[in-house]
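Engineer: Got data29.txt for you, compact mmCIF, C-alpha atoms:
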```txt
# COMPACT_ATOMS: atom_id res chain seq x y z
CA MET E 10 -38.70 34.47 24.49
CA ASN E 11 -40.30 36.94 22.06
CA ARG E 12 -40.78 36.44 18.36
CA ASN E 13 -37.77 38.59 17.39
CA ASP E 14 -35.39 36.55 19.58
CA LEU E 15 -36.68 33.32 18.09
CA HIS E 16 -36.22 34.71 14.58
CA ASP E 17 -32.67 35.79 15.39
CA ARG E 18 -31.79 32.36 16.72
CA LYS E 19 -33.20 30.65 13.65
CA SER E 20 -31.23 33.02 11.45
CA ALA E 21 -28.05 32.26 13.39
CA VAL E 22 -28.58 28.51 13.08
CA ARG E 23 -29.34 28.87 9.36
CA GLY E 24 -26.23 30.97 8.91
CA GLY E 25 -24.13 28.39 10.74
CA LEU E 26 -25.49 25.58 8.57
CA GLN E 27 -24.82 27.56 5.41
CA ALA E 28 -21.26 28.28 6.56
CA ALA E 29 -20.70 24.59 7.32
CA GLU E 30 -22.04 23.62 3.90
CA ALA E 31 -19.82 26.20 2.21
CA MET E 32 -16.81 24.82 4.09
CA ARG E 33 -17.72 21.27 3.09
CA ARG E 34 -17.97 22.29 -0.56
CA SER E 35 -14.67 24.14 -0.33
CA MET E 36 -13.00 21.03 1.11
CA LEU E 37 -14.46 18.86 -1.66
CA LEU E 38 -13.26 21.37 -4.27
CA TRP E 39 -9.78 21.44 -2.73
CA GLN E 40 -9.61 17.65 -2.65
CA SER E 41 -10.68 17.53 -6.30
CA VAL E 42 -8.09 20.15 -7.31
CA ALA E 43 -5.36 18.40 -5.30
CA GLY E 44 -6.28 15.03 -6.82
CA ASN E 45 -6.19 16.44 -10.35
CA LEU E 46 -2.86 18.13 -9.66
CA ILE E 47 -1.32 14.90 -8.35
CA ARG E 48 -2.60 12.98 -11.38
CA SER E 49 -1.15 15.61 -13.72
CA MET E 50 2.20 15.50 -11.95
CA MET E 51 2.18 11.69 -12.10
CA ASN E 52 1.74 11.92 -15.88
CA VAL E 53 4.83 14.14 -16.02
CA LEU E 54 7.01 12.24 -13.55
CA THR E 55 6.13 8.66 -14.51
CA SER E 56 5.48 6.75 -17.70
CA MET E 57 2.38 4.71 -18.49
CA ASP E 58 4.35 1.48 -17.99
CA GLU E 59 5.37 2.58 -14.49
CA ARG E 60 1.77 3.41 -13.54
CA ASN E 61 0.53 0.05 -14.85
CA HIS E 62 2.75 -2.00 -12.54
CA PRO E 63 0.86 -3.95 -9.82
CA ILE E 64 0.45 -2.01 -6.59
CA GLU E 65 2.84 -4.33 -4.75
CA VAL E 66 5.54 -3.81 -7.40
CA ARG E 67 5.05 -0.03 -7.33
CA GLU E 68 5.34 -0.02 -3.54
CA SER E 69 8.54 -2.09 -3.72
CA LEU E 70 9.97 0.32 -6.30
CA ILE E 71 9.12 3.28 -4.06
CA ASN E 72 10.79 1.48 -1.17
CA ALA E 73 13.94 0.98 -3.25
CA LEU E 74 13.69 4.56 -4.49
CA PHE E 75 13.58 6.13 -1.05
CA GLY E 76 16.39 4.10 0.44
CA ARG E 77 17.98 4.90 3.79
CA ILE E 78 17.55 8.33 5.33
CA ALA E 79 21.27 8.50 6.20
CA ASN E 80 22.29 8.10 2.54
CA VAL E 81 19.94 10.86 1.41
CA VAL E 82 21.12 13.23 4.13
CA LEU E 83 24.78 12.56 3.24
CA VAL E 84 24.12 13.70 -0.34
CA GLY E 85 22.56 16.88 1.01
CA VAL E 86 25.52 17.45 3.29
CA ALA E 87 27.89 17.01 0.32
CA GLY E 88 25.97 19.63 -1.67
CA PHE E 89 25.92 22.07 1.22
CA GLY E 90 29.63 21.41 1.78
CA CYS E 91 30.36 22.34 -1.84
CA GLY E 92 28.39 25.53 -1.35
CA VAL E 93 30.39 26.43 1.76
CA PHE E 94 33.67 25.55 0.03
CA SER E 95 32.75 27.72 -2.94
CA PHE E 96 31.86 30.61 -0.66
CA GLU E 97 35.18 30.28 1.15
CA ARG E 98 37.16 30.15 -2.13
CA SER E 99 35.35 32.79 -4.16
CA GLY E 100 33.22 34.75 -1.71
CA ALA E 101 30.15 34.21 -3.93
CA ILE E 102 26.90 33.99 -1.98
CA LEU E 103 24.82 32.19 -4.67
CA PRO E 104 26.55 28.78 -4.31
CA LEU E 105 26.09 28.99 -0.54
CA TRP E 106 22.38 29.72 -0.96
CA CYS E 107 22.02 26.90 -3.51
CA GLY E 108 23.79 24.43 -1.22
CA GLY E 109 21.63 25.43 1.75
CA LEU E 110 18.39 25.33 -0.23
CA GLY E 111 19.30 21.95 -1.69
CA PHE E 112 20.01 20.63 1.79
CA GLY E 113 16.56 21.85 2.86
CA PHE E 114 14.95 19.89 0.04
CA VAL E 115 16.95 16.82 1.10
CA VAL E 116 15.71 17.15 4.69
CA ALA E 117 12.14 17.36 3.37
CA ARG E 118 12.79 14.21 1.34
CA ALA E 119 14.07 12.46 4.48
CA THR E 120 10.81 13.40 6.22
CA LEU E 121 8.89 11.86 3.32
CA ILE E 122 10.92 8.68 3.67
CA ARG E 123 10.00 8.55 7.35
CA GLN E 124 6.33 8.79 6.42
CA PHE E 125 6.71 5.90 4.00
CA GLN E 126 8.46 3.83 6.65
CA ARG E 127 5.45 4.38 8.90
CA GLN E 128 3.36 2.65 6.22
CA LEU E 129 1.12 5.53 5.21
CA VAL E 130 0.42 3.65 1.97
CA LYS E 131 -2.95 1.91 2.14
CA PRO E 132 -3.47 -1.72 1.04
CA ASP E 133 -5.26 -0.56 -2.12
CA GLY E 134 -2.33 1.65 -3.08
CA ARG E 135 -3.74 4.98 -1.94
CA GLY E 136 -0.83 7.21 -1.07
CA LEU E 137 1.60 5.83 -3.67
CA ASP E 138 0.91 8.65 -6.13
CA ARG E 139 1.24 11.28 -3.39
CA LEU E 140 4.56 9.83 -2.23
CA THR E 141 5.88 9.51 -5.79
CA VAL E 142 4.98 13.10 -6.68
CA GLY E 143 6.40 14.40 -3.40
CA PHE E 144 9.65 12.53 -3.91
CA GLY E 145 9.94 13.63 -7.53
CA ILE E 146 9.39 17.31 -6.81
CA LEU E 147 11.86 17.36 -3.92
CA ALA E 148 14.48 15.30 -5.76
CA ILE E 149 14.35 17.43 -8.91
CA ALA E 150 14.34 20.63 -6.84
CA SER E 151 17.48 19.57 -4.96
CA SER E 152 19.13 18.61 -8.28
CA LEU E 153 18.29 22.05 -9.71
CA CYS E 154 19.99 23.64 -6.72
CA TRP E 155 23.03 21.46 -7.32
CA GLY E 156 23.02 22.40 -11.01
CA ALA E 157 22.81 26.12 -10.21
CA LEU E 158 25.75 25.73 -7.82
CA CYS E 159 27.81 24.00 -10.53
CA PHE E 160 26.94 26.65 -13.12
CA ASP E 161 27.98 29.51 -10.84
CA CYS E 162 31.26 27.85 -9.92
CA LEU E 163 32.23 27.12 -13.54
CA ALA E 164 30.99 30.37 -15.06
CA PHE E 165 32.13 32.96 -12.53
CA SER E 166 34.64 31.64 -9.98
CA GLY E 167 37.68 31.21 -12.25
CA ASP E 168 39.13 28.78 -9.68
CA PRO E 169 40.49 25.47 -11.10
CA VAL E 170 40.52 23.84 -7.65
CA LEU E 171 36.87 24.70 -7.19
CA TYR E 172 36.10 23.42 -10.68
CA THR E 173 37.68 20.08 -9.85
CA VAL E 174 35.95 19.65 -6.48
CA VAL E 175 32.51 20.53 -7.85
CA LEU E 176 32.85 18.39 -11.00
CA VAL E 177 34.06 15.30 -9.15
CA THR E 178 31.33 15.63 -6.51
CA THR E 179 28.63 16.18 -9.16
CA VAL E 180 29.65 13.22 -11.31
CA ALA E 181 29.84 10.97 -8.24
CA SER E 182 26.39 12.05 -7.07
CA ALA E 183 25.03 11.56 -10.62
CA GLY E 184 26.16 7.94 -10.55
CA GLY E 185 24.45 7.52 -7.18
CA VAL E 186 21.24 9.07 -8.52
CA ALA E 187 21.23 6.71 -11.50
CA ALA E 188 21.70 3.64 -9.30
CA ARG E 189 19.53 4.61 -6.32
CA ASN E 190 16.61 6.24 -8.14
CA ALA E 191 16.25 3.77 -11.00
CA GLY E 192 12.99 2.66 -9.39
CA ALA E 193 11.47 5.82 -10.91
CA PRO E 194 13.39 6.15 -14.19
CA ARG E 195 11.81 9.35 -15.45
CA ILE E 196 12.43 11.15 -12.15
CA ALA E 197 16.04 9.91 -12.15
CA LYS E 198 16.59 11.18 -15.70
CA LEU E 199 15.09 14.57 -14.87
CA GLN E 200 17.39 14.76 -11.86
CA LEU E 201 20.44 14.05 -14.00
CA LEU E 202 19.42 16.66 -16.56
CA ALA E 203 18.84 19.23 -13.81
CA SER E 204 22.27 18.67 -12.27
CA LEU E 205 24.47 17.99 -15.34
CA VAL E 206 23.11 20.25 -18.10
CA PRO E 207 24.06 23.41 -16.11
CA ILE E 208 27.68 22.16 -16.23
CA MET E 209 27.55 22.39 -20.02
CA ALA E 210 26.15 25.91 -19.79
CA GLY E 211 28.80 26.88 -17.24
CA ALA E 212 31.56 25.52 -19.50
CA LEU E 213 30.58 28.07 -22.15
CA PHE E 214 31.32 30.89 -19.70
CA ALA E 215 34.44 29.41 -18.11
CA ASN E 216 37.67 31.41 -18.40
CA ASP E 217 39.61 28.40 -19.68
CA ASP E 218 38.57 27.15 -23.13
CA ALA E 219 39.82 23.70 -22.19
CA TYR E 220 36.58 23.15 -20.26
CA SER E 221 34.69 23.12 -23.55
CA PHE E 222 35.40 19.38 -23.64
CA LEU E 223 32.54 19.13 -21.12
CA LEU E 224 30.15 19.95 -23.98
CA LEU E 225 31.00 16.51 -25.39
CA LEU E 226 31.62 14.65 -22.14
CA ILE E 227 28.33 15.49 -20.40
CA PRO E 228 26.04 14.20 -23.24
CA ALA E 229 28.06 10.97 -23.37
CA LEU E 230 27.82 10.65 -19.59
CA LEU E 231 24.07 11.29 -19.69
CA TYR E 232 23.59 8.64 -22.36
CA GLY E 233 25.51 6.08 -20.34
CA LEU E 234 23.64 6.92 -17.13
CA PHE E 235 20.26 6.78 -18.92
CA GLU E 236 21.11 3.30 -20.22
CA MET E 237 22.16 2.23 -16.71
CA ILE E 238 18.88 3.54 -15.26
CA ALA E 239 16.86 1.56 -17.83
CA GLU E 240 18.81 -1.63 -17.16
CA ILE E 241 18.60 -1.36 -13.36
CA ASN E 242 14.88 -0.53 -13.55
CA GLN E 243 14.21 -3.57 -15.71
CA GLN E 244 16.08 -5.79 -13.27
CA LEU E 245 14.20 -4.32 -10.30
CA VAL E 246 10.79 -4.77 -11.95
CA GLN E 247 11.54 -8.37 -12.95
CA SER E 248 12.81 -9.15 -9.46
CA PHE E 249 9.79 -7.60 -7.71
CA ARG E 250 7.35 -9.29 -10.08
CA SER E 251 8.96 -12.66 -9.35
CA GLU E 252 8.78 -12.00 -5.61
CA LEU E 253 5.12 -10.99 -5.96
CA LYS E 254 4.32 -14.16 -7.90
CA LEU E 255 6.00 -16.35 -5.29
CA SER E 256 4.30 -14.45 -2.48
CA ARG E 257 0.89 -14.92 -4.05
CA MET E 258 1.56 -18.60 -4.66
CA SER E 259 2.59 -19.08 -1.03
CA ASN E 260 -0.63 -17.39 0.16
CA ILE E 261 -3.08 -19.32 -2.04
CA ASP E 262 -4.44 -22.79 -1.34
CA HIS E 263 -3.52 -24.95 -4.32
CA LEU E 264 -6.70 -27.02 -4.30
CA THR E 265 -9.42 -24.40 -3.82
CA GLN E 266 -7.54 -21.35 -5.22
CA ILE E 267 -8.62 -19.17 -2.30
CA PRO E 268 -6.32 -17.70 0.37
CA ASN E 269 -4.75 -20.19 2.75
CA ARG E 270 -4.39 -20.11 6.53
CA ARG E 271 -1.22 -18.04 6.37
CA GLN E 272 -2.89 -15.34 4.30
CA PHE E 273 -5.94 -15.40 6.57
CA ALA E 274 -3.78 -14.80 9.65
CA SER E 275 -1.84 -11.88 8.17
CA GLN E 276 -4.74 -10.20 6.38
CA SER E 277 -7.17 -10.62 9.29
CA ALA E 278 -4.62 -9.19 11.72
CA ALA E 279 -4.23 -6.16 9.44
CA ALA E 280 -8.02 -5.83 9.14
CA LEU E 281 -8.35 -6.01 12.94
CA ALA E 282 -5.80 -3.21 13.35
CA THR E 283 -7.71 -1.10 10.83
CA CYS E 284 -11.00 -1.76 12.60
CA ARG E 285 -9.51 -0.73 15.93
CA ASN E 286 -8.25 2.54 14.46
CA LEU E 287 -11.68 3.24 12.97
CA ARG E 288 -13.52 1.88 16.04
CA GLN E 289 -15.32 -0.71 13.95
CA PRO E 290 -16.13 -4.34 14.81
CA LEU E 291 -14.45 -7.29 13.12
CA SER E 292 -16.30 -10.57 12.70
CA VAL E 293 -14.71 -13.99 12.30
CA MET E 294 -16.37 -17.22 11.16
CA MET E 295 -15.09 -20.76 11.38
CA ILE E 296 -16.83 -23.10 8.91
CA ASP E 297 -16.67 -26.90 8.76
CA VAL E 298 -18.15 -29.26 6.15
CA ASP E 299 -20.48 -31.68 7.95
CA PHE E 300 -19.65 -35.41 7.81
CA PHE E 301 -16.82 -34.82 5.36
CA LYS E 302 -14.89 -37.93 6.44
CA ALA E 303 -17.85 -40.07 5.46
CA PHE E 304 -17.99 -38.23 2.13
CA ASN E 305 -14.32 -39.00 1.44
CA ASP E 306 -14.60 -42.61 2.58
CA ASN E 307 -17.58 -43.34 0.33
CA TYR E 308 -17.06 -41.12 -2.73
CA GLY E 309 -13.26 -41.08 -2.82
CA HIS E 310 -10.67 -38.40 -2.32
CA GLN E 311 -11.00 -36.95 -5.81
CA ALA E 312 -14.70 -36.39 -5.28
CA GLY E 313 -13.83 -34.93 -1.89
CA ASP E 314 -11.46 -32.47 -3.57
CA ARG E 315 -14.16 -31.43 -6.03
CA CYS E 316 -16.56 -30.98 -3.12
CA LEU E 317 -14.14 -28.65 -1.31
CA GLN E 318 -13.58 -26.67 -4.50
CA GLN E 319 -17.31 -26.18 -4.94
CA VAL E 320 -17.81 -25.23 -1.29
CA ALA E 321 -15.00 -22.67 -1.59
CA ARG E 322 -16.61 -21.12 -4.68
CA VAL E 323 -20.00 -20.89 -3.01
CA LEU E 324 -18.55 -19.28 0.12
CA ARG E 325 -16.51 -16.78 -1.92
CA ASP E 326 -19.47 -15.82 -4.12
CA ASN E 327 -21.84 -15.19 -1.21
CA LEU E 328 -19.80 -12.73 0.86
CA ARG E 329 -20.73 -9.05 1.05
CA HIS E 330 -17.99 -7.48 -1.04
CA GLU E 331 -14.32 -7.83 -2.05
CA GLY E 332 -13.15 -6.61 1.36
CA ASP E 333 -14.42 -9.82 2.99
CA LEU E 334 -11.97 -12.72 3.15
CA VAL E 335 -12.63 -16.44 2.92
CA SER E 336 -9.76 -18.90 3.24
CA ARG E 337 -9.17 -22.60 3.56
CA TYR E 338 -8.07 -23.00 7.16
CA GLY E 339 -7.18 -26.68 6.95
CA GLY E 340 -8.76 -29.92 5.74
CA GLU E 341 -12.49 -29.34 5.35
CA GLU E 342 -12.43 -26.22 7.54
CA PHE E 343 -12.75 -22.66 6.21
CA ALA E 344 -12.37 -19.28 7.87
CA VAL E 345 -14.00 -15.95 7.05
CA SER E 346 -13.27 -12.44 8.31
CA LEU E 347 -15.70 -9.57 7.84
CA GLN E 348 -14.38 -6.06 8.36
CA ASN E 349 -16.82 -3.56 9.91
CA ALA E 350 -19.48 -6.23 10.46
CA THR E 351 -21.62 -6.16 13.58
CA GLU E 352 -22.75 -9.34 15.29
CA THR E 353 -26.17 -9.07 13.64
CA GLU E 354 -24.70 -8.56 10.18
CA ALA E 355 -22.19 -11.40 10.62
CA GLU E 356 -25.03 -13.65 11.79
CA SER E 357 -27.00 -12.78 8.67
CA VAL E 358 -24.03 -13.47 6.38
CA ALA E 359 -23.37 -16.80 8.12
CA ALA E 360 -27.01 -17.86 7.67
CA ARG E 361 -26.78 -16.91 4.00
CA LEU E 362 -23.63 -19.03 3.58
CA CYS E 363 -25.31 -21.99 5.26
CA GLY E 364 -28.27 -21.67 2.93
CA ALA E 365 -26.10 -21.23 -0.18
CA ILE E 366 -24.16 -24.43 0.53
CA ALA E 367 -27.40 -26.34 1.02
CA ALA E 368 -28.83 -24.80 -2.17
CA ALA E 369 -25.80 -26.07 -4.10
CA ALA E 370 -27.26 -29.56 -3.46
CA ILE E 371 -23.98 -31.48 -3.48
CA ALA E 372 -25.07 -35.09 -3.00
CA HIS E 373 -24.04 -36.78 0.29
CA ARG E 374 -26.07 -39.91 0.99
CA HIS E 375 -23.74 -41.34 3.61
CA ARG E 376 -24.45 -38.97 6.49
CA ASP E 377 -25.56 -40.07 9.93
CA ASP E 378 -28.67 -37.89 9.76
CA ALA E 379 -31.57 -37.71 7.35
CA ILE E 380 -30.06 -34.99 5.16
CA ASP E 381 -28.66 -36.27 1.84
CA ILE E 382 -26.71 -33.18 0.72
CA VAL E 383 -23.53 -31.44 1.85
CA THR E 384 -24.05 -28.82 4.55
CA VAL E 385 -21.81 -26.72 6.76
CA SER E 386 -21.75 -25.69 10.40
CA ILE E 387 -20.59 -22.17 11.26
CA GLY E 388 -19.28 -20.54 14.42
CA VAL E 389 -19.35 -16.73 14.53
CA VAL E 390 -17.86 -14.09 16.79
CA ALA E 391 -17.88 -10.30 16.45
CA SER E 392 -15.88 -7.95 18.62
CA ASP E 393 -14.71 -4.35 18.82
CA ARG E 394 -12.97 -4.78 22.17
CA PRO E 395 -9.31 -3.70 21.94
CA PHE E 396 -7.90 -6.47 24.16
CA GLU E 397 -9.16 -9.26 21.89
CA GLY E 398 -6.65 -10.26 19.22
CA ILE E 399 -7.26 -12.32 16.11
CA ASP E 400 -6.20 -15.53 17.89
CA GLN E 401 -8.81 -14.97 20.61
CA LEU E 402 -11.50 -14.33 17.99
CA VAL E 403 -10.59 -17.47 16.04
CA HIS E 404 -10.60 -19.48 19.28
CA ALA E 405 -14.07 -18.21 20.21
CA ALA E 406 -15.42 -18.82 16.69
CA ASP E 407 -13.96 -22.35 16.81
CA LYS E 408 -15.73 -23.06 20.09
CA ALA E 409 -18.97 -21.77 18.55
CA LEU E 410 -18.38 -24.05 15.55
CA TYR E 411 -18.11 -27.15 17.75
CA ALA E 412 -21.22 -26.05 19.60
CA ALA E 413 -23.03 -25.95 16.25
CA LYS E 414 -21.87 -29.49 15.50
CA ARG E 415 -22.97 -30.75 18.91
CA SER E 416 -26.39 -29.18 18.46
CA GLY E 417 -27.16 -31.01 15.21
CA ARG E 418 -24.95 -29.49 12.44
CA ASN E 419 -26.12 -27.33 9.52
CA LYS E 420 -26.40 -24.49 12.02
CA VAL E 421 -24.93 -21.13 12.94
CA VAL E 422 -23.80 -20.54 16.52
CA VAL E 423 -22.80 -17.05 17.65
CA ALA E 424 -20.29 -16.46 20.41
CA ARG E 425 -21.50 -13.29 22.05
CA HIS E 426 -18.02 -12.55 23.41
CA ALA E 427 -14.58 -13.99 22.75
CA TYR E 428 -13.98 -14.47 26.49
CA PRO E 429 -15.94 -16.11 27.94
CA PRO E 430 -17.47 -17.67 24.84
CA ASP E 431 -21.14 -17.04 25.60
CA LEU E 432 -22.84 -19.09 22.83
CA ALA E 433 -26.19 -18.65 21.13
CA VAL E 434 -27.63 -21.03 18.50
CA VAL E 435 -29.25 -19.44 15.48
```
In structure tokens, write the structure found in this file.
Structural biologist:
Amino acid sequence: MNRNDLHDRKSAVRGGLQAAEAMRRSMLLWQSVAGNLIRSMMNVLTSMDERNHPIEVRESLINALFGRIANVVLVGVAGFGCGVFSFERSGAILPLWCGGLGFGFVVARATLIRQFQRQLVKPDGRGLDRLTVGFGILAIASSLCWGALCFDCLAFSGDPVLYTVVLVTTVASAGGVAARNAGAPRIAKLQLLASLVPIMAGALFANDDAYSFLLLLIPALLYGLFEMIAEINQQLVQSFRSELKLSRMSNIDHLTQIPNRRQFASQSAAALATCRNLRQPLSVMMIDVDFFKAFNDNYGHQAGDRCLQQVARVLRDNLRHEGDLVSRYGGEEFAVSLQNATETEAESVAARLCGAIAAAAIAHRHRDDAIDIVTVSIGVVASDRPFEGIDQLVHAADKALYAAKRSGRNKVVVARHAYPPDLAVV
């Protein structure tokens, strides 16, 4: 290879790297622009109070907002049917186009509902803003199509039968919008304005002056529907907040104020599914307070409760980050799950927990060994194998825990695999 060929190859590699860097910067710029656009749209489509709801309440409101796909599609079919009916009665093409376009927006909204049902919202709420903005844009767009259809029918058709059909259908759909979309009150109000205000404008151009009464009826109807939206939204928020409070209470251990066994099972199963999708390992620890029965028998149950509370605080404060979970599994036993933690990292965290409990120096002078403070024994397992579920990992970590107790307590034992539980004392 001569010097010119080598130079050409280096230039090609350099050019490829520069192109890749330019593409990366373009993607970052696009993500930044898209994020800013979504935030701006959220400011338009939602109020500050709506955005300040807890993530769980916001997700429940979105769930109520989206509803069933069949109901949404039926509304689109009704709008398209009005467009077809108008075309048949008057021969005007605009109502037909408006009905068809509105039905297209409804189909897009149904697709968005399907995405929500597949749980594209992340546990930290990522995706809620995108879904809210998407729903709002599509809902308001379909309402604008409906409003344009109503305006054309009233202003230009001169057909009383068509007037009646369109007005009855529009008012009925407006009531449905107010009830169904109260989970996002500002979006619901914008929808109503988009579909009902054009009726007022159309009444000004109608051949029959009697339709001018709509100029008074529509504002009164809007006021009543706005009040209904506010009332339904308040009821929904109160209901979802109560459900959230009860859910949190049912998932928290009353004594230690950390998650209980039920929460550990559900959250660890979700973390395991996430780790499998990302091809990351999940580590599980089972932790037991050494000689706790002797502690209770000699110091009393109230002192035992205070001991468990202190152990729980120490364990919680010595994990890696907020994504790690510690729970009271039962009695004096605790469980920990570490997402994206290799065996070596889990081993290191377990050793740190053991040391932190010992450093807390909780007096325990009634042990069967020479140690006069409270200590813990820990069993650890880490796995990224797809056939091992959370139950298998807990079982292996439990076996490792009992191995730690048999080997002298105040130790960490690592199960190299869930099945068979190949154990190693640390």
Engineer: Using only C-alpha atoms, pick whichever of E:Ala350, E:Leu70, E:Val335, E:Met209 has the shortest atom-to-atom distance to Ala157 (chain E).
Structural biologist: E:Met209
Engineer: For region 301-343 of chain E versus region 375-386 of chain E, which residues have an atom no more than 8 Å away, and what is each residue's nearest atom pair and distance in Å rounded to one decimal, using all atoms listed in the file, chain-then-number order, as a tab-separated table?
Structural biologist:
```
residue	atom	partner	partner_atom	distance
E:Ala303	CA	E:His375	CA	6.3
E:Phe304	CA	E:His375	CA	6.7
E:Asn307	CA	E:His375	CA	7.3
```
Engineer: Separation of CA of Arg285 (chain E) and CA of Ala391 (chain E), in Å?
Structural biologist: 12.7 Å
Engineer: Record the distance separating CA of Ser204 (chain E) and CA of Phe94 (chain E), expressed in Å with one decimal.
Structural biologist: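 Spanning CA of Ser204 (chain E) to CA of Phe94 (chain E) is a straight-line distance of 18.1 Å.
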Engineer: Need the shell around Ser346 (chain E): protein/DNA/RNA residues with any atom at most 12 Å away, counting all atoms listed in the file. Skip same-chain ones fewer than 2 positions apart. Format as a PyMOL selection string?
Structural biologist: chain E and resi 268+270+272-281+284+290-296+324-325+328-338+343-344+348-351+355+358-359+388-392+399+402-403+406
Engineer: Take the residues from that selection and put them in a file with C-alpha atoms, as a PDB file, in the coordinates of the input.
Structural biologist:
```pdb
ATOM      1  CA  PRO E 268      -6.320 -17.700   0.370  1.00  0.00           C
ATOM      2  CA  ARG E 270      -4.390 -20.110   6.530  1.00  0.00           C
ATOM      3  CA  GLN E 272      -2.890 -15.340   4.300  1.00  0.00           C
ATOM      4  CA  PHE E 273      -5.940 -15.400   6.570  1.00  0.00           C
ATOM      5  CA  ALA E 274      -3.780 -14.800   9.650  1.00  0.00           C
ATOM      6  CA  SER E 275      -1.840 -11.880   8.170  1.00  0.00           C
ATOM      7  CA  GLN E 276      -4.740 -10.200   6.380  1.00  0.00           C
ATOM      8  CA  SER E 277      -7.170 -10.620   9.290  1.00  0.00           C
ATOM      9  CA  ALA E 278      -4.620  -9.190  11.720  1.00  0.00           C
ATOM     10  CA  ALA E 279      -4.230  -6.160   9.440  1.00  0.00           C
ATOM     11  CA  ALA E 280      -8.020  -5.830   9.140  1.00  0.00           C
ATOM     12  CA  LEU E 281      -8.350  -6.010  12.940  1.00  0.00           C
ATOM     13  CA  CYS E 284     -11.000  -1.760  12.600  1.00  0.00           C
ATOM     14  CA  PRO E 290     -16.130  -4.340  14.810  1.00  0.00           C
ATOM     15  CA  LEU E 291     -14.450  -7.290  13.120  1.00  0.00           C
ATOM     16  CA  SER E 292     -16.300 -10.570  12.700  1.00  0.00           C
ATOM     17  CA  VAL E 293     -14.710 -13.990  12.300  1.00  0.00           C
ATOM     18  CA  MET E 294     -16.370 -17.220  11.160  1.00  0.00           C
ATOM     19  CA  MET E 295     -15.090 -20.760  11.380  1.00  0.00           C
ATOM     20  CA  ILE E 296     -16.830 -23.100   8.910  1.00  0.00           C
ATOM     21  CA  LEU E 324     -18.550 -19.280   0.120  1.00  0.00           C
ATOM     22  CA  ARG E 325     -16.510 -16.780  -1.920  1.00  0.00           C
ATOM     23  CA  LEU E 328     -19.800 -12.730   0.860  1.00  0.00           C
ATOM     24  CA  ARG E 329     -20.730  -9.050   1.050  1.00  0.00           C
ATOM     25  CA  HIS E 330     -17.990  -7.480  -1.040  1.00  0.00           C
ATOM     26  CA  GLU E 331     -14.320  -7.830  -2.050  1.00  0.00           C
ATOM     27  CA  GLY E 332     -13.150  -6.610   1.360  1.00  0.00           C
ATOM     28  CA  ASP E 333     -14.420  -9.820   2.990  1.00  0.00           C
ATOM     29  CA  LEU E 334     -11.970 -12.720   3.150  1.00  0.00           C
ATOM     30  CA  VAL E 335     -12.630 -16.440   2.920  1.00  0.00           C
ATOM     31  CA  SER E 336      -9.760 -18.900   3.240  1.00  0.00           C
ATOM     32  CA  ARG E 337      -9.170 -22.600   3.560  1.00  0.00           C
ATOM     33  CA  TYR E 338      -8.070 -23.000   7.160  1.00  0.00           C
ATOM     34  CA  PHE E 343     -12.750 -22.660   6.210  1.00  0.00           C
ATOM     35  CA  ALA E 344     -12.370 -19.280   7.870  1.00  0.00           C
ATOM     36  CA  GLN E 348     -14.380  -6.060   8.360  1.00  0.00           C
ATOM     37  CA  ASN E 349     -16.820  -3.560   9.910  1.00  0.00           C
ATOM     38  CA  ALA E 350     -19.480  -6.230  10.460  1.00  0.00           C
ATOM     39  CA  THR E 351     -21.620  -6.160  13.580  1.00  0.00           C
ATOM     40  CA  ALA E 355     -22.190 -11.400  10.620  1.00  0.00           C
ATOM     41  CA  VAL E 358     -24.030 -13.470   6.380  1.00  0.00           C
ATOM     42  CA  ALA E 359     -23.370 -16.800   8.120  1.00  0.00           C
ATOM     43  CA  GLY E 388     -19.280 -20.540  14.420  1.00  0.00           C
ATOM     44  CA  VAL E 389     -19.350 -16.730  14.530  1.00  0.00           C
ATOM     45  CA  VAL E 390     -17.860 -14.090  16.790  1.00  0.00           C
ATOM     46  CA  ALA E 391     -17.880 -10.300  16.450  1.00  0.00           C
ATOM     47  CA  SER E 392     -15.880  -7.950  18.620  1.00  0.00           C
ATOM     48  CA  ILE E 399      -7.260 -12.320  16.110  1.00  0.00           C
ATOM     49  CA  LEU E 402     -11.500 -14.330  17.990  1.00  0.00           C
ATOM     50  CA  VAL E 403     -10.590 -17.470  16.040  1.00  0.00           C
ATOM     51  CA  ALA E 406     -15.420 -18.820  16.690  1.00  0.00           C
TER      52      ALA E 406
END
```
Engineer: Can you list, as a list in words, every protein, DNA or RNA residue that comes within 8 Å of Leu253 (chain E) when you count all atoms listed in the file, leaving out same-chain residues fewer than 3 positions away?
Structural biologist: Glu65, Val66, Phe249, Arg250, Ser256 and Arg257 of chain E
Engineer: Report, in Å to a single decimal, how far apart CA of Leu234 (chain E) and CA of Ser221 (chain E) are.
Structural biologist: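 Computing the Euclidean distance for CA of Ser221 (chain E) and CA of Leu234 (chain E) yields 20.6 Å.
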Engineer: Select, from E:Ile241, E:Leu147, E:Ile261, E:Val422, the residue with the minimum atom-to-atom distance to Asp407 (chain E), counting all atoms listed in the file.
Structural biologist: E:Val422
Engineer: Taking into account all atoms listed in the file, which residue in the set E:Asn216, E:Asn269, E:Asn242, E:Thr283 is nearest to Ala193 (chain E)?
Structural biologist: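 With all atoms listed in the file as the atom set, the closest residue is E:Asn242.
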Engineer: Between E:Ala31, E:Ala372, E:Ala148, E:Ile78, single out the one closest to Tyr308 (chain E), counting only C-alpha atoms.
Structural biologist: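 Between E:Ala31, E:Ala372, E:Ala148, E:Ile78, the residue approaching Tyr308 (chain E) most closely is E:Ala372.
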